[in-house]
Amino acid sequence: MEKILINMKWHTDTELFEIIRRELYTAVIGDIMDKMGLLHQFLPAAIQPLRKDMFVVGRAMPVLEADVLESKEYAGNNPILKKSFGLMLEALDDLKKDEVYICGGASPNYALWGELMSTRALKLGAAGAVVDGYSRDTKGILELNFPTFSYGSYAQDQAPRGKVIDFRVPLEIRGVLINPGDIVVGDIDGVCIIPKIHEVEVFNLAIEKARGEKLVQIKIQEGMSATEAFEKYGIM
């Protein structure tokens with residue numbers, strides 16, 4: 001079997017993220033992680049881009065949300081939970097360039113992201129938002145063209161129903177572990193998490209496979225059979 005070898009190097013996140021935007025997509029990245037034994041790296045299929053052409057790539061900034069019912073009768077003992085959004089505003093203001101606000105932990109009964117949050121995230125140079133729940137202010141987010149991935153549009157607010165209780169901490173979404181600094185890639189086919197400790201191997205192999213797939217497509221268009229193409233290149 002002929003193996004297609006491509007040695008691709010990058011020196012900064014900016015260079016890597018540009019390569020990812022230009023050449024990669026979640027399917028090919030997911031295939032590579034499967035072969036490496038990383039079998040649980042895709043977030044739930046319900047998390048989709050607000051607009052089909054949205055693409056997100058960046059470092060994860062995990063945000064932990066919890067259902068917290070506001071009550072005048074029962075004040076509770078945690079001062080964080082007395083704030084309207086918990087630590088949400090602090091988490092939002094702590095976003096860095098090319099980071100992805102990725103939020104989970106709450107029930108899907110209210111929106112976890114909106115237009116004003118998108119406006120602030122854009123100002124800070126953040127790459128996008130991925131939430132295990134709904135987003136709202138959809139028209140405004142689309143006008144901002146801020147990459148947002150969620151269950152879809154639902155206006156019910158989080159303020160009286162949920163609060164951010166921590167951020168920049170490990171987060172688990174439906175069995176997928178997200179650590180601060182992991183790489184998040186999302187497109188029309190879903191959102192995958194690339195662990196930081198495996199990113200160099202994953203992306204080198206993914207670039208090799210993506211370029212190999214283009215070669216195989218050309219060969220098939222020229223008349224090569226699928227069987228012959230797979231036997232020769234190991235790609236299909």
# chains A, B, ... in the order shown; residues from 1 in each chain; ligands from 1
call {"tool": "closest_atom_pairs", "arguments": {"of": "segment 92-139 of chain A", "to": "segment 185-209 of chain A", "cutoff": "12 Å", "atoms": "only C-alpha atoms", "output": "CSV"}}
result
residue,atom,partner,partner_atom,distance
A:Asp98,CA,A:Val185,CA,11.7
A:Glu99,CA,A:Val185,CA,11.2
A:Val100,CA,A:Val185,CA,9.5
A:Ile102,CA,A:Ile193,CA,10.7
A:Ala127,CA,A:Val185,CA,10.2
A:Gly128,CA,A:Gly186,CA,9.6
A:Ala129,CA,A:Gly186,CA,10.0
A:Val130,CA,A:Val191,CA,8.3
A:Val131,CA,A:Val191,CA,10.5
A:Asp132,CA,A:Val191,CA,11.0
call {"tool": "residues_around", "arguments": {"residues": "Glu70 of chain A", "least_positions_apart": "6", "cutoff": "9 Å", "atoms": "only C-alpha atoms", "output": "list in words"}}
result
Leu81, Lys82, Ser84, Ala159, Pro160, Arg161 and Gly162 of chain A
call {"tool": "select_by_dssp", "arguments": {"residues": "segment 76-213 of chain A", "states": "helix (DSSP H, G or I)", "output": "PyMOL selection string"}}
result
chain A and resi 79-82+88-93+115-123+138-144+196-213
call {"tool": "closest_residue", "arguments": {"among": "A:Ala91, A:Ile165, A:Ala60, A:Leu122", "to": "Gly105 of chain A", "atoms": "only C-alpha atoms"}}
result
A:Ile165
call {"tool": "closest_residue", "arguments": {"among": "A:Ile178, A:Ala210, A:Leu24, A:Val164", "to": "Phe85 of chain A", "atoms": "only C-alpha atoms"}}
result
A:Val164
call {"tool": "residues_around", "arguments": {"residues": "Leu142 of chain A", "least_positions_apart": "2", "cutoff": "12 Å", "atoms": "only C-alpha atoms", "output": "VMD selection string"}}
result
chain A and resid 49 to 54 114 to 115 118 to 119 135 to 140 144 to 149 153
call {"tool": "write_last_selection", "arguments": {"atoms": "C-alpha atoms", "output": "short mmCIF file (atom, residue, chain, number, x, y, z; two decimals), in the first residue's frame"}}
result
data_model
loop_
_atom_site.label_atom_id
_atom_site.label_comp_id
_atom_site.auth_asym_id
_atom_site.auth_seq_id
_atom_site.Cartn_x
_atom_site.Cartn_y
_atom_site.Cartn_z
CA PRO A 49 -24.02 25.87 14.33
CA LEU A 50 -26.63 28.64 14.31
CA ARG A 51 -25.87 29.07 10.62
CA LYS A 52 -24.70 26.18 8.47
CA ASP A 53 -21.49 27.84 7.28
CA MET A 54 -20.22 28.73 10.76
CA GLY A 114 -26.80 35.58 23.66
CA GLU A 115 -26.10 38.68 21.60
CA SER A 118 -21.25 37.61 21.64
CA THR A 119 -20.52 41.32 21.40
CA SER A 135 -28.73 30.22 22.67
CA ARG A 136 -30.94 33.25 22.14
CA ASP A 137 -30.93 36.67 20.43
CA THR A 138 -30.34 34.67 17.27
CA LYS A 139 -30.86 37.52 14.83
CA GLY A 140 -28.30 39.65 16.64
CA LEU A 144 -22.45 39.81 14.41
CA ASN A 145 -21.38 36.66 12.53
CA PHE A 146 -20.06 35.21 15.79
CA PRO A 147 -19.55 31.42 15.54
CA THR A 148 -22.12 29.97 17.94
CA PHE A 149 -22.96 26.30 18.44
CA SER A 153 -32.79 29.12 19.50
#
call {"tool": "select_by_dssp", "arguments": {"residues": "segment 14-232 of chain A", "states": "strand (DSSP E)", "output": "PyMOL selection string"}}
result
chain A and resi 48-49+56-67+99-104+111-113+128-131+134-135+148-150+162-167+171-173+176-178+183-187+190-194
call {"tool": "write_last_selection", "arguments": {"atoms": "C-alpha atoms", "output": "mmCIF file, in the first residue's frame"}}
result
data_model
loop_
_atom_site.group_PDB
_atom_site.id
_atom_site.type_symbol
_atom_site.label_atom_id
_atom_site.label_comp_id
_atom_site.auth_asym_id
_atom_site.auth_seq_id
_atom_site.Cartn_x
_atom_site.Cartn_y
_atom_site.Cartn_z
ATOM 1 C CA GLN A 48 -25.117 22.556 15.872
ATOM 2 C CA PRO A 49 -24.021 25.870 14.327
ATOM 3 C CA VAL A 56 -15.063 27.508 15.000
ATOM 4 C CA VAL A 57 -11.507 26.654 16.034
ATOM 5 C CA GLY A 58 -9.760 27.744 19.195
ATOM 6 C CA ARG A 59 -8.593 26.850 22.689
ATOM 7 C CA ALA A 60 -11.247 25.721 25.147
ATOM 8 C CA MET A 61 -12.222 28.003 28.010
ATOM 9 C CA PRO A 62 -14.567 25.665 29.900
ATOM 10 C CA VAL A 63 -17.417 27.201 31.896
ATOM 11 C CA LEU A 64 -19.397 25.240 34.488
ATOM 12 C CA GLU A 65 -23.092 26.121 34.788
ATOM 13 C CA ALA A 66 -25.579 24.759 37.316
ATOM 14 C CA ASP A 67 -29.346 24.967 37.725
ATOM 15 C CA GLU A 99 -10.489 31.024 22.946
ATOM 16 C CA VAL A 100 -13.851 29.269 22.786
ATOM 17 C CA TYR A 101 -16.399 29.795 25.556
ATOM 18 C CA ILE A 102 -17.614 26.233 26.091
ATOM 19 C CA CYS A 103 -20.357 25.827 28.681
ATOM 20 C CA GLY A 104 -22.073 22.791 30.192
ATOM 21 C CA ALA A 111 -30.367 29.893 26.983
ATOM 22 C CA LEU A 112 -26.665 29.871 27.878
ATOM 23 C CA TRP A 113 -25.492 32.388 25.253
ATOM 24 C CA GLY A 128 -16.663 31.363 19.298
ATOM 25 C CA ALA A 129 -19.104 29.840 21.759
ATOM 26 C CA VAL A 130 -20.187 26.224 22.210
ATOM 27 C CA VAL A 131 -22.936 25.497 24.734
ATOM 28 C CA TYR A 134 -29.711 26.759 23.859
ATOM 29 C CA SER A 135 -28.732 30.217 22.669
ATOM 30 C CA THR A 148 -22.124 29.972 17.944
ATOM 31 C CA PHE A 149 -22.956 26.299 18.436
ATOM 32 C CA SER A 150 -25.960 25.258 20.515
ATOM 33 C CA GLY A 162 -29.014 28.919 36.298
ATOM 34 C CA LYS A 163 -25.662 30.395 37.247
ATOM 35 C CA VAL A 164 -22.026 29.952 36.322
ATOM 36 C CA ILE A 165 -20.314 28.430 39.352
ATOM 37 C CA ASP A 166 -16.748 28.168 37.996
ATOM 38 C CA PHE A 167 -14.631 28.541 34.850
ATOM 39 C CA LEU A 171 -15.736 20.111 32.141
ATOM 40 C CA GLU A 172 -17.568 16.978 31.050
ATOM 41 C CA ILE A 173 -20.311 17.105 28.439
ATOM 42 C CA VAL A 176 -16.572 14.081 26.631
ATOM 43 C CA LEU A 177 -13.863 15.603 28.830
ATOM 44 C CA ILE A 178 -12.830 19.170 28.029
ATOM 45 C CA ILE A 183 -8.589 22.578 20.950
ATOM 46 C CA VAL A 184 -12.222 22.896 19.882
ATOM 47 C CA VAL A 185 -13.190 22.473 16.224
ATOM 48 C CA GLY A 186 -16.769 22.796 15.034
ATOM 49 C CA ASP A 187 -18.525 22.865 11.679
ATOM 50 C CA GLY A 190 -20.598 18.758 14.782
ATOM 51 C CA VAL A 191 -18.056 19.792 17.404
ATOM 52 C CA CYS A 192 -15.011 17.760 18.421
ATOM 53 C CA ILE A 193 -12.503 18.208 21.223
ATOM 54 C CA ILE A 194 -8.814 17.557 20.561
#
call {"tool": "atom_distance", "arguments": {"atom1": "atom CA of Glu213 of chain A", "atom2": "atom CA of Ile29 of chain A"}}
result
12.7 Å
call {"tool": "closest_residue", "arguments": {"among": "A:Thr14, A:Thr227, A:Gln156, A:Asn77", "to": "Tyr110 of chain A", "atoms": "only C-alpha atoms"}}
result
A:Gln156
call {"tool": "atom_distance", "arguments": {"atom1": "atom CA of Met33 of chain A", "atom2": "atom CA of Asp182 of chain A"}}
result
13.8 Å
call {"tool": "closest_residue", "arguments": {"among": "A:Tyr151, A:Glu73, A:Gly212, A:Gly223", "to": "Ala46 of chain A", "atoms": "only C-alpha atoms"}}
result
A:Tyr151
call {"tool": "decode", "arguments": {"residues": "segment 153-166 of chain A", "atoms": "N, CA and C atoms", "output": "compact mmCIF listing (two decimals), in the first residue's frame"}}
result
# COMPACT_ATOMS: atom_id res chain seq x y z
N SER A 153 -32.31 27.86 18.94
CA SER A 153 -32.79 29.12 19.50
C SER A 153 -33.92 28.90 20.52
N TYR A 154 -33.75 29.54 21.68
CA TYR A 154 -34.76 29.47 22.73
C TYR A 154 -34.53 30.65 23.65
N ALA A 155 -35.55 31.51 23.81
CA ALA A 155 -35.36 32.81 24.45
C ALA A 155 -35.35 32.77 25.97
N GLN A 156 -35.80 31.69 26.61
CA GLN A 156 -35.90 31.69 28.07
C GLN A 156 -34.53 31.95 28.70
N ASP A 157 -34.48 32.94 29.60
CA ASP A 157 -33.22 33.44 30.15
C ASP A 157 -32.69 32.53 31.26
N GLN A 158 -31.35 32.57 31.41
CA GLN A 158 -30.72 31.79 32.47
C GLN A 158 -30.77 32.48 33.83
N ALA A 159 -30.97 33.82 33.86
CA ALA A 159 -30.80 34.59 35.09
C ALA A 159 -31.52 34.00 36.31
N PRO A 160 -32.83 33.69 36.24
CA PRO A 160 -33.48 33.14 37.42
C PRO A 160 -33.43 31.62 37.51
N ARG A 161 -32.71 30.99 36.60
CA ARG A 161 -32.76 29.53 36.50
C ARG A 161 -31.40 28.84 36.63
N GLY A 162 -30.33 29.54 36.27
CA GLY A 162 -29.01 28.92 36.30
C GLY A 162 -27.92 29.95 36.51
N LYS A 163 -26.78 29.49 36.99
CA LYS A 163 -25.66 30.40 37.25
C LYS A 163 -24.34 29.69 36.94
N VAL A 164 -23.38 30.48 36.50
CA VAL A 164 -22.03 29.95 36.32
C VAL A 164 -21.38 29.84 37.70
N ILE A 165 -20.90 28.64 38.02
CA ILE A 165 -20.31 28.43 39.35
C ILE A 165 -18.79 28.32 39.31
N ASP A 166 -18.21 28.17 38.11
CA ASP A 166 -16.75 28.17 38.00
C ASP A 166 -16.37 28.23 36.52
